[in-house]
>>> print(open('start_11.txt').read())   # compact mmCIF, C-alpha atoms
# COMPACT_ATOMS: atom_id res chain seq x y z
CA MET A 1 69.71 21.31 5.33
CA ILE A 2 68.74 21.16 8.99
CA LEU A 3 69.95 17.56 9.36
CA ASN A 4 73.49 18.81 8.70
CA ALA A 5 73.31 20.66 12.02
CA PHE A 6 73.19 17.30 13.82
CA ASN A 7 76.25 15.94 12.00
CA LEU A 8 79.20 15.40 14.36
CA GLN A 9 81.62 14.21 11.71
CA GLY A 10 85.21 14.87 12.78
CA LYS A 11 84.32 15.81 16.36
CA VAL A 12 85.91 14.21 19.43
CA ALA A 13 83.79 13.33 22.44
CA LEU A 14 85.19 12.57 25.90
CA ILE A 15 82.68 10.54 27.92
CA THR A 16 83.10 9.24 31.45
CA GLY A 17 81.62 5.93 32.51
CA CYS A 18 80.77 4.42 29.13
CA ASN A 19 81.52 0.72 29.60
CA THR A 20 77.85 -0.22 30.13
CA GLY A 21 74.34 1.19 30.29
CA LEU A 22 73.48 4.78 29.52
CA GLY A 23 77.10 5.80 28.96
CA GLN A 24 77.58 3.07 26.40
CA GLY A 25 74.36 4.04 24.62
CA MET A 26 75.43 7.67 24.44
CA ALA A 27 78.90 6.75 23.19
CA VAL A 28 77.40 4.67 20.39
CA GLY A 29 74.90 7.41 19.52
CA LEU A 30 77.69 9.97 19.25
CA ALA A 31 79.74 7.58 17.10
CA GLN A 32 76.80 7.02 14.77
CA ALA A 33 76.58 10.80 14.37
CA GLY A 34 80.28 10.96 13.41
CA CYS A 35 82.27 11.33 16.66
CA ASP A 36 85.47 9.67 17.63
CA VAL A 37 85.18 8.73 21.30
CA VAL A 38 87.50 8.82 24.28
CA GLY A 39 86.06 6.73 27.09
CA VAL A 40 87.10 7.17 30.73
CA ASN A 41 86.36 4.08 32.79
CA ARG A 42 87.46 2.60 36.08
CA SER A 43 87.16 -1.03 35.00
CA GLY A 44 87.87 -1.17 31.26
CA ALA A 45 85.58 -0.37 28.36
CA ARG A 46 84.12 -3.88 27.84
CA ASP A 47 82.39 -4.06 24.44
CA THR A 48 81.98 -0.31 23.91
CA PRO A 49 85.07 -0.03 21.63
CA ALA A 50 83.68 -2.67 19.28
CA LEU A 51 80.29 -0.94 19.14
CA VAL A 52 81.88 2.45 18.38
CA GLU A 53 84.15 0.93 15.75
CA ALA A 54 81.16 -0.83 14.17
CA ALA A 55 79.76 2.65 13.59
CA GLY A 56 82.93 3.50 11.67
CA ARG A 57 84.58 5.64 14.35
CA ARG A 58 87.66 5.34 16.58
CA PHE A 59 87.63 4.62 20.31
CA VAL A 60 90.37 5.15 22.90
CA ASN A 61 89.93 4.05 26.51
CA ILE A 62 91.56 5.78 29.47
CA ASP A 63 91.57 3.92 32.78
CA ALA A 64 90.93 6.30 35.69
CA ASP A 65 89.25 6.25 39.08
CA LEU A 66 87.19 9.44 39.17
CA MET A 67 86.69 9.14 42.91
CA ASP A 68 89.92 11.14 42.98
CA SER A 69 89.82 14.40 41.03
CA SER A 70 93.64 14.49 40.85
CA ALA A 71 93.34 12.06 37.89
CA ILE A 72 91.60 14.68 35.74
CA PRO A 73 94.59 16.58 34.26
CA GLN A 74 96.15 13.36 33.02
CA VAL A 75 92.82 12.22 31.52
CA VAL A 76 92.53 15.43 29.50
CA GLU A 77 96.18 15.24 28.46
CA LYS A 78 95.77 11.66 27.22
CA ALA A 79 92.56 12.50 25.34
CA VAL A 80 94.23 15.38 23.52
CA ALA A 81 97.27 13.23 22.78
CA ALA A 82 95.00 10.57 21.23
CA PHE A 83 92.94 12.76 18.89
CA GLY A 84 94.48 16.23 18.99
CA ARG A 85 91.49 17.98 20.51
CA ILE A 86 88.26 17.63 22.49
CA ASP A 87 84.96 19.05 21.22
CA ILE A 88 82.39 17.46 23.52
CA LEU A 89 82.44 16.39 27.17
CA ILE A 90 79.82 14.04 28.62
CA ASN A 91 80.00 13.84 32.43
CA ASN A 92 78.21 10.52 32.82
CA ALA A 93 80.19 8.63 35.49
CA GLY A 94 78.26 8.34 38.72
CA ILE A 95 77.65 6.13 41.73
CA ILE A 96 74.81 5.63 44.21
CA ARG A 97 74.59 4.46 47.81
CA ARG A 98 71.28 3.34 49.34
CA GLN A 99 70.70 3.61 53.08
CA ASP A 100 68.07 5.17 55.33
CA ALA A 101 68.90 8.82 55.94
CA ILE A 102 68.89 8.27 59.71
CA GLU A 103 71.71 5.73 59.33
CA PHE A 104 73.56 7.18 56.33
CA SER A 105 77.35 7.09 56.75
CA GLU A 106 79.83 9.87 56.13
CA GLN A 107 81.78 7.56 53.83
CA ASN A 108 78.72 6.95 51.66
CA TRP A 109 78.15 10.70 51.55
CA ASP A 110 81.72 11.55 50.55
CA ASP A 111 82.08 8.80 47.93
CA VAL A 112 78.96 9.83 46.05
CA MET A 113 79.57 13.57 46.29
CA ASN A 114 83.17 13.16 45.07
CA VAL A 115 82.21 11.28 41.90
CA ASN A 116 78.84 12.84 41.12
CA SER A 117 79.49 16.52 41.77
CA LYS A 118 83.13 17.35 42.60
CA THR A 119 84.55 15.39 39.65
CA VAL A 120 81.85 16.78 37.34
CA PHE A 121 82.92 20.32 38.15
CA PHE A 122 86.66 19.82 37.91
CA MET A 123 86.43 17.69 34.76
CA SER A 124 84.29 20.42 33.19
CA GLN A 125 86.76 23.07 34.29
CA ALA A 126 89.71 21.19 32.78
CA VAL A 127 87.92 20.56 29.48
CA ALA A 128 86.61 24.14 29.32
CA ARG A 129 90.22 25.33 29.58
CA GLN A 130 91.05 23.01 26.68
CA PHE A 131 88.14 24.40 24.65
CA ILE A 132 89.34 27.94 25.26
CA SER A 133 92.92 27.11 24.29
CA GLN A 134 91.71 25.42 21.09
CA GLY A 135 89.34 28.23 20.15
CA GLY A 136 85.90 27.63 18.71
CA GLY A 137 84.09 26.67 21.89
CA GLY A 138 82.63 23.28 22.75
CA LYS A 139 79.78 21.35 24.35
CA ILE A 140 79.54 20.07 27.91
CA ILE A 141 76.67 17.76 28.81
CA ASN A 142 76.17 16.68 32.40
CA ILE A 143 74.02 13.75 33.44
CA ALA A 144 71.53 14.80 36.07
CA SER A 145 68.61 12.72 37.39
CA MET A 146 64.95 12.73 38.34
CA LEU A 147 66.40 13.38 41.81
CA SER A 148 67.68 16.72 40.56
CA PHE A 149 63.99 17.67 40.77
CA GLN A 150 62.73 15.40 43.56
CA GLY A 151 63.86 14.17 46.95
CA GLY A 152 63.80 10.42 46.55
CA ILE A 153 64.06 7.86 49.35
CA ARG A 154 67.17 6.32 50.96
CA VAL A 155 69.63 8.13 48.65
CA PRO A 156 70.55 11.39 50.42
CA SER A 157 73.99 11.90 48.88
CA TYR A 158 72.79 10.92 45.40
CA THR A 159 69.93 13.44 45.67
CA ALA A 160 72.29 16.14 46.89
CA SER A 161 74.85 15.41 44.18
CA LYS A 162 72.35 15.39 41.33
CA SER A 163 70.72 18.57 42.59
CA ALA A 164 74.22 20.06 42.52
CA VAL A 165 74.70 18.90 38.93
CA MET A 166 71.69 20.93 37.80
CA GLY A 167 72.90 24.02 39.65
CA LEU A 168 76.46 23.67 38.38
CA THR A 169 75.13 23.29 34.83
CA ARG A 170 73.50 26.71 35.12
CA LEU A 171 76.55 28.29 36.76
CA MET A 172 78.99 27.00 34.14
CA ALA A 173 76.65 28.00 31.32
CA ASN A 174 76.49 31.55 32.69
CA GLU A 175 80.26 31.91 32.95
CA TRP A 176 81.41 30.09 29.83
CA ALA A 177 78.84 31.13 27.20
CA ALA A 178 81.12 34.06 26.34
CA HIS A 179 83.67 31.46 25.20
CA ASN A 180 81.11 29.77 22.91
CA ILE A 181 80.82 26.86 25.35
CA ASN A 182 77.35 25.40 25.81
CA VAL A 183 76.70 23.63 29.11
CA ASN A 184 73.50 21.62 29.45
CA ALA A 185 72.33 18.49 31.22
CA ILE A 186 70.14 15.47 30.60
CA ALA A 187 68.05 14.06 33.43
CA PRO A 188 67.24 10.43 32.59
CA GLY A 189 64.08 8.98 34.02
CA TYR A 190 63.83 5.47 35.41
CA MET A 191 66.17 3.51 33.15
CA ALA A 192 66.91 -0.21 33.00
CA THR A 193 70.55 0.01 34.14
CA ASN A 194 72.77 -1.35 36.91
CA ASN A 195 71.80 1.56 39.17
CA THR A 196 68.13 0.57 39.11
CA GLU A 197 68.56 -3.21 39.28
CA GLN A 198 67.55 -3.29 42.95
CA LEU A 199 64.39 -1.33 42.21
CA ARG A 200 63.47 -3.46 39.21
CA ASN A 201 63.95 -6.65 41.21
CA ASP A 202 61.47 -5.41 43.81
CA GLU A 203 58.20 -6.35 42.11
CA ASP A 204 56.01 -4.02 44.17
CA ARG A 205 58.33 -1.03 43.84
CA SER A 206 58.87 -1.66 40.13
CA GLN A 207 55.13 -1.73 39.51
CA GLU A 208 54.68 1.43 41.55
CA ILE A 209 57.24 3.20 39.38
CA LEU A 210 55.83 1.91 36.09
CA SER A 211 52.31 2.96 37.06
CA ARG A 212 53.47 6.59 37.21
CA ILE A 213 55.38 6.64 33.90
CA PRO A 214 52.97 7.70 31.12
CA ALA A 215 55.09 5.81 28.58
CA GLY A 216 54.44 2.63 30.60
CA ARG A 217 57.98 1.26 30.47
CA TRP A 218 61.48 1.63 31.87
CA GLY A 219 63.79 3.65 29.65
CA VAL A 220 66.65 2.05 27.74
CA PRO A 221 70.06 3.45 26.71
CA GLN A 222 68.89 4.03 23.14
CA ASP A 223 66.40 6.61 24.47
CA LEU A 224 69.32 8.96 25.19
CA MET A 225 70.93 8.77 21.76
CA GLY A 226 68.78 11.48 20.15
CA PRO A 227 68.99 13.95 23.07
CA ILE A 228 72.76 13.53 23.44
CA VAL A 229 73.40 14.11 19.73
CA PHE A 230 71.16 17.19 19.79
CA LEU A 231 72.96 18.76 22.76
CA ALA A 232 76.39 17.83 21.36
CA SER A 233 75.68 19.33 17.94
CA SER A 234 75.33 22.80 16.44
CA ALA A 235 71.56 22.24 16.40
CA SER A 236 71.61 23.27 20.08
CA ASP A 237 73.91 26.29 19.81
CA TYR A 238 71.32 28.58 21.47
CA VAL A 239 70.47 26.14 24.26
CA ASN A 240 72.48 26.85 27.40
CA GLY A 241 72.07 26.05 31.09
CA TYR A 242 69.07 23.77 30.55
CA THR A 243 68.37 20.35 32.04
CA LEU A 244 66.39 18.17 29.63
CA ALA A 245 64.31 15.43 31.23
CA VAL A 246 64.21 12.19 29.23
CA ASP A 247 61.75 10.40 31.45
CA GLY A 248 58.80 8.95 29.54
CA GLY A 249 56.65 11.70 31.06
CA TRP A 250 57.46 11.00 34.75
CA LEU A 251 57.75 14.65 35.75
CA ALA A 252 54.60 15.59 33.86
CA ARG A 253 52.48 13.15 35.85
>>> encode(input="start_11.txt", output="structure tokens")
Amino acid sequence: MILNAFNLQGKVALITGCNTGLGQGMAVGLAQAGCDVVGVNRSGARDTPALVEAAGRRFVNIDADLMDSSAIPQVVEKAVAAFGRIDILINNAGIIRRQDAIEFSEQNWDDVMNVNSKTVFFMSQAVARQFISQGGGGKIINIASMLSFQGGIRVPSYTASKSAVMGLTRLMANEWAAHNINVNAIAPGYMATNNTEQLRNDEDRSQEILSRIPAGRWGVPQDLMGPIVFLASSASDYVNGYTLAVDGGWLAR
């Protein structure tokens, strides 16, 4: 039965930045499909553990500041110690800084690039090594953005970092497919999360955005549950190096 290909029963997913928003929605979606979840968060997991456990799965939180990639080896070690293995990595943690490009600071550049691209690569590298040592391959899913495709306004380092995510997804897919590791990305559209609060509070800008989305609404975390389960499951075993837009039709407009 084809639905069995989407079953993640017994799998372990490591997801960064899952205490709220899209990360929380993806964690719950993976749990509903059968995954135990290791969450990596800078400020605790909030109510995500209860939501995962309500789906009948286990949740372990690891506190780590992913601004510093030196935390990564210990994160992977703790995840393996908790559940014995890792099968799926979701690189969701990310930050944004808004400032006119003409005034944009080096600190704002470095902070965003460190979390959104450098940590994504080195976390993927560490988990890929774990996949190879375990045998049997694994799934890596990066979280890209509409600004992986477009330039945006007032977010130069975010645009650069998310463009890098799409390129790194292709690079890692090329190199690691021989190890049965699938590397793909999801590019969420305009979602109702903390990152877009400033935009949504600007009535004119919010209306401008909504007028371009064929679906006529901001996305919500539940909109990523189906795509994340697909890319994490054996249903996507022949999908590699692809960035899937989940955008209500924004890019098609």
>>> closest_atom_pairs(input="start_11.txt", of="region 147-210 of chain A", to="region 136-142 of chain A", cutoff="10 Å", atoms="all atoms listed in the file", output="Markdown table")
| residue | atom | partner | partner_atom | distance |
| --- | --- | --- | --- | --- |
| A:Lys162 | CA | A:Asn142 | CA | 9.8 |
| A:Val165 | CA | A:Asn142 | CA | 7.1 |
| A:Met166 | CA | A:Asn142 | CA | 8.2 |
| A:Leu168 | CA | A:Asn142 | CA | 9.2 |
| A:Thr169 | CA | A:Asn142 | CA | 7.1 |
| A:Met172 | CA | A:Ile140 | CA | 9.3 |
| A:Ala173 | CA | A:Ile140 | CA | 9.1 |
| A:Trp176 | CA | A:Gly137 | CA | 9.1 |
| A:Ala177 | CA | A:Gly137 | CA | 8.7 |
| A:Ala178 | CA | A:Gly137 | CA | 9.1 |
| A:His179 | CA | A:Gly137 | CA | 5.8 |
| A:Asn180 | CA | A:Gly137 | CA | 4.4 |
| A:Ile181 | CA | A:Gly137 | CA | 4.8 |
| A:Asn182 | CA | A:Lys139 | CA | 4.9 |
| A:Val183 | CA | A:Ile140 | CA | 4.7 |
| A:Asn184 | CA | A:Ile141 | CA | 5.0 |
| A:Ala185 | CA | A:Asn142 | CA | 4.4 |
| A:Ile186 | CA | A:Asn142 | CA | 6.4 |
| A:Ala187 | CA | A:Asn142 | CA | 8.6 |
>>> closest_atom_pairs(input="start_11.txt", of="region 107-159 of chain A", to="region 66-88 of chain A", cutoff="12 Å", atoms="only C-alpha atoms", output="tab-separated table")
residue	atom	partner	partner_atom	distance
A:Asp110	CA	A:Met67	CA	9.4
A:Asp111	CA	A:Met67	CA	6.8
A:Val112	CA	A:Met67	CA	8.4
A:Met113	CA	A:Met67	CA	9.0
A:Asn114	CA	A:Met67	CA	5.8
A:Val115	CA	A:Met67	CA	5.1
A:Asn116	CA	A:Met67	CA	8.9
A:Ser117	CA	A:Met67	CA	10.4
A:Lys118	CA	A:Ser69	CA	7.5
A:Thr119	CA	A:Ser69	CA	5.5
A:Val120	CA	A:Ser69	CA	9.1
A:Phe121	CA	A:Ser69	CA	9.5
A:Phe122	CA	A:Ser69	CA	7.0
A:Met123	CA	A:Ile72	CA	6.1
A:Ser124	CA	A:Ile72	CA	9.6
A:Gln125	CA	A:Ile72	CA	9.8
A:Ala126	CA	A:Pro73	CA	6.9
A:Val127	CA	A:Val76	CA	6.9
A:Ala128	CA	A:Ile86	CA	9.6
A:Arg129	CA	A:Val76	CA	10.2
A:Gln130	CA	A:Ile86	CA	7.4
A:Phe131	CA	A:Asp87	CA	7.1
A:Ile132	CA	A:Asp87	CA	10.7
A:Ser133	CA	A:Arg85	CA	10.0
A:Gln134	CA	A:Arg85	CA	7.5
A:Gly135	CA	A:Asp87	CA	10.2
A:Gly136	CA	A:Asp87	CA	9.0
A:Gly137	CA	A:Asp87	CA	7.7
A:Gly138	CA	A:Asp87	CA	5.1
A:Lys139	CA	A:Ile88	CA	4.8
A:Ile140	CA	A:Ile88	CA	5.8
A:Ile141	CA	A:Ile88	CA	7.8
A:Asn142	CA	A:Ile88	CA	10.9
>>> atom_distance(input="start_11.txt", atom1="CA of Asp63 (chain A)", atom2="CA of Cys18 (chain A)")
11.4 Å
>>> closest_residue(input="start_11.txt", among="A:Trp250, A:Ala192, A:Arg97, A:Ser233", to="Gly216 (chain A)", atoms="all atoms listed in the file")
A:Trp250
>>> closest_residue(input="start_11.txt", among="A:Ala54, A:Pro188, A:Met146, A:Tyr158", to="Leu224 (chain A)", atoms="all atoms listed in the file")
A:Pro188
>>> atom_distance(input="start_11.txt", atom1="CA of Trp218 (chain A)", atom2="CA of Glu197 (chain A)")
11.3 Å
>>> atom_distance(input="start_11.txt", atom1="CA of Val155 (chain A)", atom2="CA of Ser43 (chain A)")
24.0 Å
